[in-house]
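Visitor: Below you'll find entry-v8.pdb; it's PDB, C-alpha atoms.
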MODEL        1
ATOM      1  CA  MET A 167     150.495  98.380  85.441  1.00  0.00           C
ATOM      2  CA  GLY A 168     149.265 101.917  86.142  1.00  0.00           C
ATOM      3  CA  ALA A 169     151.054 104.841  87.687  1.00  0.00           C
ATOM      4  CA  GLU A 170     151.465 105.374  91.410  1.00  0.00           C
ATOM      5  CA  GLN A 171     148.358 106.749  93.075  1.00  0.00           C
ATOM      6  CA  MET A 172     148.818 110.394  94.011  1.00  0.00           C
ATOM      7  CA  LEU A 173     145.429 110.851  95.686  1.00  0.00           C
ATOM      8  CA  LYS A 174     145.109 110.236  99.393  1.00  0.00           C
ATOM      9  CA  ILE A 175     142.147 107.937  99.916  1.00  0.00           C
ATOM     10  CA  GLU A 176     140.335 107.351 103.205  1.00  0.00           C
ATOM     11  CA  PRO A 177     139.671 104.613 104.024  1.00  0.00           C
ATOM     12  CA  GLU A 178     142.620 103.101 102.216  1.00  0.00           C
ATOM     13  CA  HIS A 179     141.606  99.482 101.767  1.00  0.00           C
ATOM     14  CA  GLU A 180     137.910  98.832 102.471  1.00  0.00           C
ATOM     15  CA  LEU A 181     134.486 100.410 102.598  1.00  0.00           C
ATOM     16  CA  LYS A 182     132.411  99.416 105.614  1.00  0.00           C
ATOM     17  CA  PHE A 183     128.636  99.215 105.507  1.00  0.00           C
ATOM     18  CA  LYS A 184     126.701  98.819 108.749  1.00  0.00           C
ATOM     19  CA  GLY A 185     123.312  97.143 108.775  1.00  0.00           C
ATOM     20  CA  PRO A 186     120.519  96.507 109.038  1.00  0.00           C
ATOM     21  CA  PHE A 187     120.235  96.611 105.264  1.00  0.00           C
ATOM     22  CA  THR A 188     116.457  96.963 104.987  1.00  0.00           C
ATOM     23  CA  SER A 189     117.014 100.583 103.932  1.00  0.00           C
ATOM     24  CA  ALA A 190     119.742 102.424 102.025  1.00  0.00           C
ATOM     25  CA  THR A 191     123.110 102.378 103.815  1.00  0.00           C
ATOM     26  CA  THR A 192     125.821 104.966 103.153  1.00  0.00           C
ATOM     27  CA  SER A 193     129.585 104.772 103.507  1.00  0.00           C
ATOM     28  CA  PHE A 194     131.829 107.769 102.807  1.00  0.00           C
ATOM     29  CA  LEU A 195     135.058 107.921 100.852  1.00  0.00           C
ATOM     30  CA  LYS A 196     137.409 110.900 101.148  1.00  0.00           C
ATOM     31  CA  LEU A 197     139.678 111.861  98.259  1.00  0.00           C
ATOM     32  CA  GLU A 198     142.446 114.407  98.827  1.00  0.00           C
ATOM     33  CA  ASN A 199     144.768 115.965  96.258  1.00  0.00           C
ATOM     34  CA  PRO A 200     148.129 116.753  97.908  1.00  0.00           C
ATOM     35  CA  THR A 201     149.780 117.743  94.614  1.00  0.00           C
ATOM     36  CA  ASP A 202     150.051 121.089  92.856  1.00  0.00           C
ATOM     37  CA  GLN A 203     148.088 119.873  89.825  1.00  0.00           C
ATOM     38  CA  LYS A 204     144.457 119.218  89.176  1.00  0.00           C
ATOM     39  CA  ILE A 205     143.512 115.532  89.283  1.00  0.00           C
ATOM     40  CA  CYS A 206     140.562 113.950  87.539  1.00  0.00           C
ATOM     41  CA  PHE A 207     139.011 110.931  89.226  1.00  0.00           C
ATOM     42  CA  LYS A 208     136.499 108.256  88.356  1.00  0.00           C
ATOM     43  CA  ILE A 209     135.017 105.553  90.594  1.00  0.00           C
ATOM     44  CA  LYS A 210     133.966 102.121  89.371  1.00  0.00           C
ATOM     45  CA  THR A 211     132.381  99.093  91.097  1.00  0.00           C
ATOM     46  CA  THR A 212     131.901  95.414  90.352  1.00  0.00           C
ATOM     47  CA  ALA A 213     128.212  95.663  91.411  1.00  0.00           C
ATOM     48  CA  PRO A 214     126.801  98.810  89.760  1.00  0.00           C
ATOM     49  CA  LYS A 215     123.179  97.758  90.332  1.00  0.00           C
ATOM     50  CA  ARG A 216     123.711  97.556  94.094  1.00  0.00           C
ATOM     51  CA  TYR A 217     125.400 100.926  94.655  1.00  0.00           C
ATOM     52  CA  CYS A 218     124.908 104.594  93.933  1.00  0.00           C
ATOM     53  CA  VAL A 219     128.072 106.785  94.007  1.00  0.00           C
ATOM     54  CA  ARG A 220     127.763 110.569  94.339  1.00  0.00           C
ATOM     55  CA  PRO A 221     129.725 112.002  92.624  1.00  0.00           C
ATOM     56  CA  ASN A 222     131.242 109.153  90.643  1.00  0.00           C
ATOM     57  CA  ALA A 223     133.613 111.416  88.646  1.00  0.00           C
ATOM     58  CA  GLY A 224     135.051 114.910  88.802  1.00  0.00           C
ATOM     59  CA  VAL A 225     138.099 117.140  89.253  1.00  0.00           C
ATOM     60  CA  ILE A 226     139.917 117.849  92.527  1.00  0.00           C
ATOM     61  CA  ASP A 227     141.902 121.069  92.724  1.00  0.00           C
ATOM     62  CA  PRO A 228     145.457 121.122  94.179  1.00  0.00           C
ATOM     63  CA  GLY A 229     145.454 120.957  97.981  1.00  0.00           C
ATOM     64  CA  SER A 230     141.714 120.300  98.256  1.00  0.00           C
ATOM     65  CA  HIS A 231     139.625 117.239  99.073  1.00  0.00           C
ATOM     66  CA  LEU A 232     136.241 115.803  98.222  1.00  0.00           C
ATOM     67  CA  SER A 233     133.813 113.534 100.101  1.00  0.00           C
ATOM     68  CA  ILE A 234     132.197 110.756  98.083  1.00  0.00           C
ATOM     69  CA  ALA A 235     128.946 109.111  99.258  1.00  0.00           C
ATOM     70  CA  VAL A 236     128.681 105.421  98.394  1.00  0.00           C
ATOM     71  CA  VAL A 237     125.089 104.261  98.925  1.00  0.00           C
ATOM     72  CA  LEU A 238     124.210 100.580  99.201  1.00  0.00           C
ATOM     73  CA  GLN A 239     120.633  99.968  98.075  1.00  0.00           C
ATOM     74  CA  PRO A 240     118.295  97.923 100.352  1.00  0.00           C
ATOM     75  CA  CYS A 241     119.081  94.249  99.858  1.00  0.00           C
ATOM     76  CA  ASP A 242     119.686  90.888 101.485  1.00  0.00           C
ATOM     77  CA  VAL A 243     123.415  90.691 102.142  1.00  0.00           C
ATOM     78  CA  ASP A 244     124.642  87.213 101.227  1.00  0.00           C
ATOM     79  CA  SER A 245     128.015  85.592 100.709  1.00  0.00           C
ATOM     80  CA  SER A 246     128.356  87.088  97.229  1.00  0.00           C
ATOM     81  CA  ALA A 247     128.422  90.605  98.727  1.00  0.00           C
ATOM     82  CA  SER A 248     131.909  89.966 100.100  1.00  0.00           C
ATOM     83  CA  LYS A 249     133.138  89.944  96.497  1.00  0.00           C
ATOM     84  CA  HIS A 250     131.985  93.516  95.840  1.00  0.00           C
ATOM     85  CA  LYS A 251     134.862  95.884  95.109  1.00  0.00           C
ATOM     86  CA  PHE A 252     135.435  99.520  94.193  1.00  0.00           C
ATOM     87  CA  MET A 253     138.235 101.074  92.173  1.00  0.00           C
ATOM     88  CA  VAL A 254     139.328 104.717  92.277  1.00  0.00           C
ATOM     89  CA  GLN A 255     141.009 105.835  89.046  1.00  0.00           C
ATOM     90  CA  ALA A 256     142.840 109.139  88.755  1.00  0.00           C
ATOM     91  CA  ILE A 257     144.832 111.051  86.165  1.00  0.00           C
ATOM     92  CA  PHE A 258     146.461 114.452  86.096  1.00  0.00           C
ATOM     93  CA  ALA A 259     144.351 117.046  84.329  1.00  0.00           C
ATOM     94  CA  PRO A 260     145.893 119.362  81.707  1.00  0.00           C
ATOM     95  CA  ASP A 261     145.742 123.114  82.078  1.00  0.00           C
ATOM     96  CA  GLY A 262     142.671 124.920  80.825  1.00  0.00           C
ATOM     97  CA  GLU A 263     139.257 123.473  80.149  1.00  0.00           C
ATOM     98  CA  VAL A 264     138.940 119.740  80.694  1.00  0.00           C
ATOM     99  CA  ASN A 265     136.735 117.439  78.661  1.00  0.00           C
ATOM    100  CA  GLN A 266     136.827 114.389  80.862  1.00  0.00           C
ATOM    101  CA  ASP A 267     135.333 112.008  78.322  1.00  0.00           C
ATOM    102  CA  GLU A 268     138.017 112.857  75.797  1.00  0.00           C
ATOM    103  CA  LEU A 269     140.701 112.950  78.467  1.00  0.00           C
ATOM    104  CA  TRP A 270     139.955 109.445  79.773  1.00  0.00           C
ATOM    105  CA  LYS A 271     139.594 108.137  76.259  1.00  0.00           C
ATOM    106  CA  ASN A 272     142.958 109.460  75.119  1.00  0.00           C
ATOM    107  CA  THR A 273     144.981 108.725  78.277  1.00  0.00           C
ATOM    108  CA  SER A 274     147.286 105.727  78.206  1.00  0.00           C
ATOM    109  CA  PRO A 275     146.425 103.044  80.809  1.00  0.00           C
ATOM    110  CA  SER A 276     149.983 103.311  82.099  1.00  0.00           C
ATOM    111  CA  ASN A 277     149.225 106.881  83.226  1.00  0.00           C
ATOM    112  CA  VAL A 278     146.056 105.974  85.120  1.00  0.00           C
ATOM    113  CA  MET A 279     146.449 105.765  88.888  1.00  0.00           C
ATOM    114  CA  GLU A 280     144.271 102.994  90.371  1.00  0.00           C
ATOM    115  CA  THR A 281     143.344 101.999  93.921  1.00  0.00           C
ATOM    116  CA  LYS A 282     141.059  99.077  94.772  1.00  0.00           C
ATOM    117  CA  LEU A 283     138.901  98.823  97.884  1.00  0.00           C
ATOM    118  CA  ARG A 284     136.908  95.823  99.069  1.00  0.00           C
ATOM    119  CA  CYS A 285     133.534  95.962 100.818  1.00  0.00           C
ATOM    120  CA  THR A 286     132.752  94.689 104.300  1.00  0.00           C
ATOM    121  CA  PHE A 287     129.330  94.391 105.934  1.00  0.00           C
ATOM    122  CA  GLU A 288     128.499  94.602 109.623  1.00  0.00           C
ATOM    123  CA  ILE A 289     125.164  93.421 110.986  1.00  0.00           C
ATOM    124  CA  PRO A 290     124.474  94.768 114.515  1.00  0.00           C
ATOM    125  CA  SER A 291     123.636  92.126 117.100  1.00  0.00           C
ATOM    126  CA  GLU A 292     120.444  93.986 118.047  1.00  0.00           C
ATOM    127  CA  ALA A 293     119.270  93.862 114.455  1.00  0.00           C
ATOM    128  CA  THR A 294     120.011  90.141 114.402  1.00  0.00           C
ATOM    129  CA  ASN A 295     118.014  89.573 117.579  1.00  0.00           C
ATOM    130  CA  ASN A 296     115.147  91.663 116.327  1.00  0.00           C
ATOM    131  CA  HIS A 297     115.222  89.795 113.068  1.00  0.00           C
ATOM    132  CA  GLU A 298     115.028  86.488 114.898  1.00  0.00           C
ATOM    133  CA  ALA A 299     112.303  87.719 117.249  1.00  0.00           C
ATOM    134  CA  THR A 300     110.197  89.250 114.518  1.00  0.00           C
ATOM    135  CA  PRO A 301     107.901  86.706 112.874  1.00  0.00           C
ATOM    136  CA  PRO A 302     107.853  86.536 109.090  1.00  0.00           C
ATOM    137  CA  ILE A 303     105.360  88.677 107.206  1.00  0.00           C
ATOM    138  CA  GLU A 304     103.373  85.589 106.225  1.00  0.00           C
ATOM    139  CA  GLU A 305     102.995  84.616 109.890  1.00  0.00           C
ATOM    140  CA  LYS A 306     101.853  88.136 110.765  1.00  0.00           C
ATOM    141  CA  VAL A 307      99.198  87.978 108.042  1.00  0.00           C
ATOM    142  CA  ILE A 308      97.979  84.586 109.274  1.00  0.00           C
ATOM    143  CA  ARG A 309      97.784  85.854 112.852  1.00  0.00           C
ATOM    144  CA  ALA A 310      95.871  88.923 111.710  1.00  0.00           C
ATOM    145  CA  LYS A 311      93.389  86.775 109.801  1.00  0.00           C
ATOM    146  CA  GLN A 312      92.887  84.475 112.794  1.00  0.00           C
ATOM    147  CA  HIS A 313      92.281  87.505 115.001  1.00  0.00           C
ATOM    148  CA  ASP A 314      89.697  88.833 112.537  1.00  0.00           C
ATOM    149  CA  ILE A 315      87.947  85.458 112.496  1.00  0.00           C
ATOM    150  CA  GLU A 316      87.872  85.340 116.292  1.00  0.00           C
ATOM    151  CA  MET A 317      86.421  88.839 116.375  1.00  0.00           C
ATOM    152  CA  VAL A 318      83.731  87.961 113.813  1.00  0.00           C
ATOM    153  CA  LYS A 319      82.564  84.711 115.482  1.00  0.00           C
ATOM    154  CA  PRO A 320      81.011  86.356 118.594  1.00  0.00           C
ATOM    155  CA  GLN A 321      79.234  88.862 116.356  1.00  0.00           C
ATOM    156  CA  ARG A 322      77.745  86.079 114.270  1.00  0.00           C
ATOM    157  CA  ILE A 323      76.645  84.154 117.376  1.00  0.00           C
ATOM    158  CA  ALA A 324      75.105  87.288 118.860  1.00  0.00           C
ATOM    159  CA  ALA A 325      73.246  87.951 115.613  1.00  0.00           C
ATOM    160  CA  GLU A 326      71.940  84.372 115.551  1.00  0.00           C
ATOM    161  CA  ASP A 327      70.811  84.613 119.183  1.00  0.00           C
ATOM    162  CA  PHE A 328      69.103  87.908 118.422  1.00  0.00           C
ATOM    163  CA  ASN A 329      67.290  86.428 115.434  1.00  0.00           C
ATOM    164  CA  ASN A 330      66.270  83.353 117.424  1.00  0.00           C
ATOM    165  CA  GLY A 331      64.994  85.594 120.227  1.00  0.00           C
ATOM    166  CA  ASP A 332      62.897  87.608 117.756  1.00  0.00           C
ATOM    167  CA  GLU A 333      61.448  84.433 116.317  1.00  0.00           C
ATOM    168  CA  ARG A 334      60.511  83.107 119.763  1.00  0.00           C
ATOM    169  CA  GLN A 335      58.957  86.461 120.712  1.00  0.00           C
ATOM    170  CA  LEU A 336      56.878  86.535 117.531  1.00  0.00           C
ATOM    171  CA  LYS A 337      55.651  82.992 118.134  1.00  0.00           C
ATOM    172  CA  HIS A 338      54.681  83.874 121.705  1.00  0.00           C
ATOM    173  CA  GLU A 339      52.800  86.996 120.605  1.00  0.00           C
ATOM    174  CA  ASN A 340      51.081  85.015 117.851  1.00  0.00           C
ATOM    175  CA  MET A 341      49.873  82.436 120.397  1.00  0.00           C
ATOM    176  CA  GLN A 342      48.603  85.197 122.685  1.00  0.00           C
ATOM    177  CA  LEU A 343      46.742  86.791 119.773  1.00  0.00           C
ATOM    178  CA  LYS A 344      45.132  83.469 118.856  1.00  0.00           C
ATOM    179  CA  ASP A 345      44.046  82.913 122.465  1.00  0.00           C
ATOM    180  CA  GLU A 346      42.547  86.412 122.607  1.00  0.00           C
ATOM    181  CA  ILE A 347      40.628  85.840 119.360  1.00  0.00           C
ATOM    182  CA  ASP A 348      39.290  82.521 120.667  1.00  0.00           C
ATOM    183  CA  ARG A 349      38.260  84.198 123.938  1.00  0.00           C
ATOM    184  CA  LEU A 350      36.444  86.986 122.075  1.00  0.00           C
ATOM    185  CA  ARG A 351      34.717  84.456 119.866  1.00  0.00           C
ATOM    186  CA  ARG A 352      33.508  82.477 122.881  1.00  0.00           C
ATOM    187  CA  LYS A 353      32.335  85.667 124.606  1.00  0.00           C
ATOM    188  CA  LEU A 354      30.488  86.825 121.496  1.00  0.00           C
ATOM    189  CA  LYS A 355      28.899  83.442 121.082  1.00  0.00           C
ATOM    190  CA  THR A 356      27.746  83.500 124.725  1.00  0.00           C
ATOM    191  CA  ARG A 357      26.234  86.942 124.320  1.00  0.00           C
ATOM    192  CA  VAL A 358      24.435  85.960 121.111  1.00  0.00           C
ATOM    193  CA  GLU A 359      22.987  82.860 122.739  1.00  0.00           C
ATOM    194  CA  ALA A 360      21.900  84.898 125.791  1.00  0.00           C
ATOM    195  CA  GLY A 361      20.251  87.495 123.539  1.00  0.00           C
ATOM    196  CA  GLU A 362      18.261  84.856 121.667  1.00  0.00           C
ATOM    197  CA  ALA A 363      17.073  83.285 124.936  1.00  0.00           C
ATOM    198  CA  LEU A 364      16.002  86.685 126.250  1.00  0.00           C
ATOM    199  CA  GLN A 365      14.083  87.466 123.078  1.00  0.00           C
ATOM    200  CA  THR A 366      12.312  84.117 123.292  1.00  0.00           C
ATOM    201  CA  ALA A 367      11.353  84.676 126.941  1.00  0.00           C
ATOM    202  CA  ILE A 368       9.996  88.177 126.366  1.00  0.00           C
ATOM    203  CA  SER A 369       8.083  87.717 123.087  1.00  0.00           C
ATOM    204  CA  PRO A 370       4.861  85.976 124.359  1.00  0.00           C
ATOM    205  CA  PRO A 371       4.026  88.533 127.118  1.00  0.00           C
ATOM    206  CA  SER A 372       4.700  91.341 124.700  1.00  0.00           C
ATOM    207  CA  GLN A 373       2.175  89.951 122.196  1.00  0.00           C
ATOM    208  CA  THR A 374      -0.454  89.457 124.969  1.00  0.00           C
ATOM    209  CA  MET A 375      -0.027  93.014 126.151  1.00  0.00           C
ATOM    210  CA  LEU A 376      -0.415  94.203 122.596  1.00  0.00           C
ATOM    211  CA  PHE A 377      -3.750  92.431 122.267  1.00  0.00           C
ATOM    212  CA  VAL A 378      -4.933  93.823 125.606  1.00  0.00           C
ATOM    213  CA  VAL A 379      -4.008  97.363 124.612  1.00  0.00           C
ATOM    214  CA  LEU A 380      -5.777  96.976 121.279  1.00  0.00           C
ATOM    215  CA  ALA A 381      -8.890  95.587 123.006  1.00  0.00           C
ATOM    216  CA  ILE A 382      -9.037  98.451 125.457  1.00  0.00           C
ATOM    217  CA  ALA A 383      -8.568 100.955 122.676  1.00  0.00           C
ATOM    218  CA  ALA A 384     -11.346  99.373 120.678  1.00  0.00           C
ATOM    219  CA  LEU A 385     -13.644  99.372 123.724  1.00  0.00           C
ATOM    220  CA  MET A 386     -13.002 103.022 124.394  1.00  0.00           C
ATOM    221  CA  ILE A 387     -13.652 103.904 120.794  1.00  0.00           C
ATOM    222  CA  GLY A 388     -16.861 101.982 120.907  1.00  0.00           C
ATOM    223  CA  LEU A 389     -18.013 103.757 124.054  1.00  0.00           C
ATOM    224  CA  LEU A 390     -17.267 107.128 122.548  1.00  0.00           C
ATOM    225  CA  ILE A 391     -19.139 106.305 119.376  1.00  0.00           C
ATOM    226  CA  GLY A 392     -22.129 105.109 121.360  1.00  0.00           C
ATOM    227  CA  LYS A 393     -22.179 108.206 123.499  1.00  0.00           C
ATOM    228  CA  PHE A 394     -22.233 110.542 120.572  1.00  0.00           C
ATOM    229  CA  ALA A 395     -24.947 108.453 118.891  1.00  0.00           C
ATOM    230  CA  VAL A 396     -27.364 108.932 121.875  1.00  0.00           C
TER     231      VAL A 396
ENDMDL
END
How does this structure look as structure tokens?
Guide:
Amino acid sequence: MGAEQMLKIEPEHELKFKGPFTSATTSFLKLENPTDQKICFKIKTTAPKRYCVRPNAGVIDPGSHLSIAVVLQPCDVDSSASKHKFMVQAIFAPDGEVNQDELWKNTSPSNVMETKLRCTFEIPSEATNNHEATPPIEEKVIRAKQHDIEMVKPQRIAAEDFNNGDERQLKHENMQLKDEIDRLRRKLKTRVEAGEALQTAISPPSQTMLFVVLAIAALMIGLLIGKFAV
């Protein structure tokens, strides 16, 4: 059994941690040296991976005190957390320079002053309600995906309607173009047929007139020749 603890420790019996525990949570430990000698201290825990203690060792001068920050890392607090404990060890320091490693190594366990503290955890009711009201991350992801799908569907339908509208418009314009070509072909055919009929109707009189003109010309030439011959 160790020596009687000479340090005043606050709190005396337990360290309280208040949630929520989704981020680091800090509880403070006050060590006070009421004696007229220097006291070396060291703090240990049964769950070193869960906690960070700053500082976890040092020297407290006579009549002074020191605040220790005990930081609980983010975690899910389960039933095993109630078994977490801390122990404050202390020994009187000799005069002069102190090599703590050598001092702790060479000190008899009967001269080590020890105080144990248990850990308690408080989860605020608001945090509990928020935790219950907040859907799991997986559900949030599913809802987000469903929302994205619902947002994409109208865009796809609009794109399909737009493409269908373009296709119908192109077909309509193609039909109009075909009708116009057929109309021009019929018109051209009508004009060609009318031109051939006109040429046929005009050709015979034109040939007759040509013969008449040639006959008159020949007659006039003959008259002129005869006149000059006399």
Visitor: May I have the residues within 9 Å of Phe258 (chain A) as a ChimeraX atom specification, using all atoms listed in the file and disregarding those fewer than 5 positions away in the same chain?
Guide: /A:203-207,277-278
Visitor: Quick one: residues within 12 Å of Glu198 (chain A), only C-alpha atoms counted, chain neighbours fewer than 6 positions away excluded, as a PyMOL selection string?
Guide: chain A and resi 171-178+204-207+225-234+256
Visitor: Do you have the CA of Pro260 (chain A)-CA of Thr211 (chain A) distance handy?
Guide: 26.1 Å
Visitor: When you draw a straight line from CA of Ser193 (chain A) to CA of Gly168 (chain A), how long is it in Å?
Guide: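 Between CA of Ser193 (chain A) and CA of Gly168 (chain A) the gap works out to 26.4 Å.
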Visitor: Can you work out the spacing between CA of Asn222 (chain A) and CA of Ser274 (chain A) in Å, to one decimal?
Guide: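 Computing the Euclidean distance for CA of Asn222 (chain A) and CA of Ser274 (chain A) yields 20.6 Å.
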Visitor: Give me the residues near region 280-292 of chain A as a VMD selection string, where near means some atom within 10 Å (using only C-alpha atoms) and where sequence neighbours in that chain fewer than 5 positions away do not count.
Guide: chain A and resid 167 to 173 175 177 to 187 207 to 211 243 to 244 247 to 257 275 297 to 298
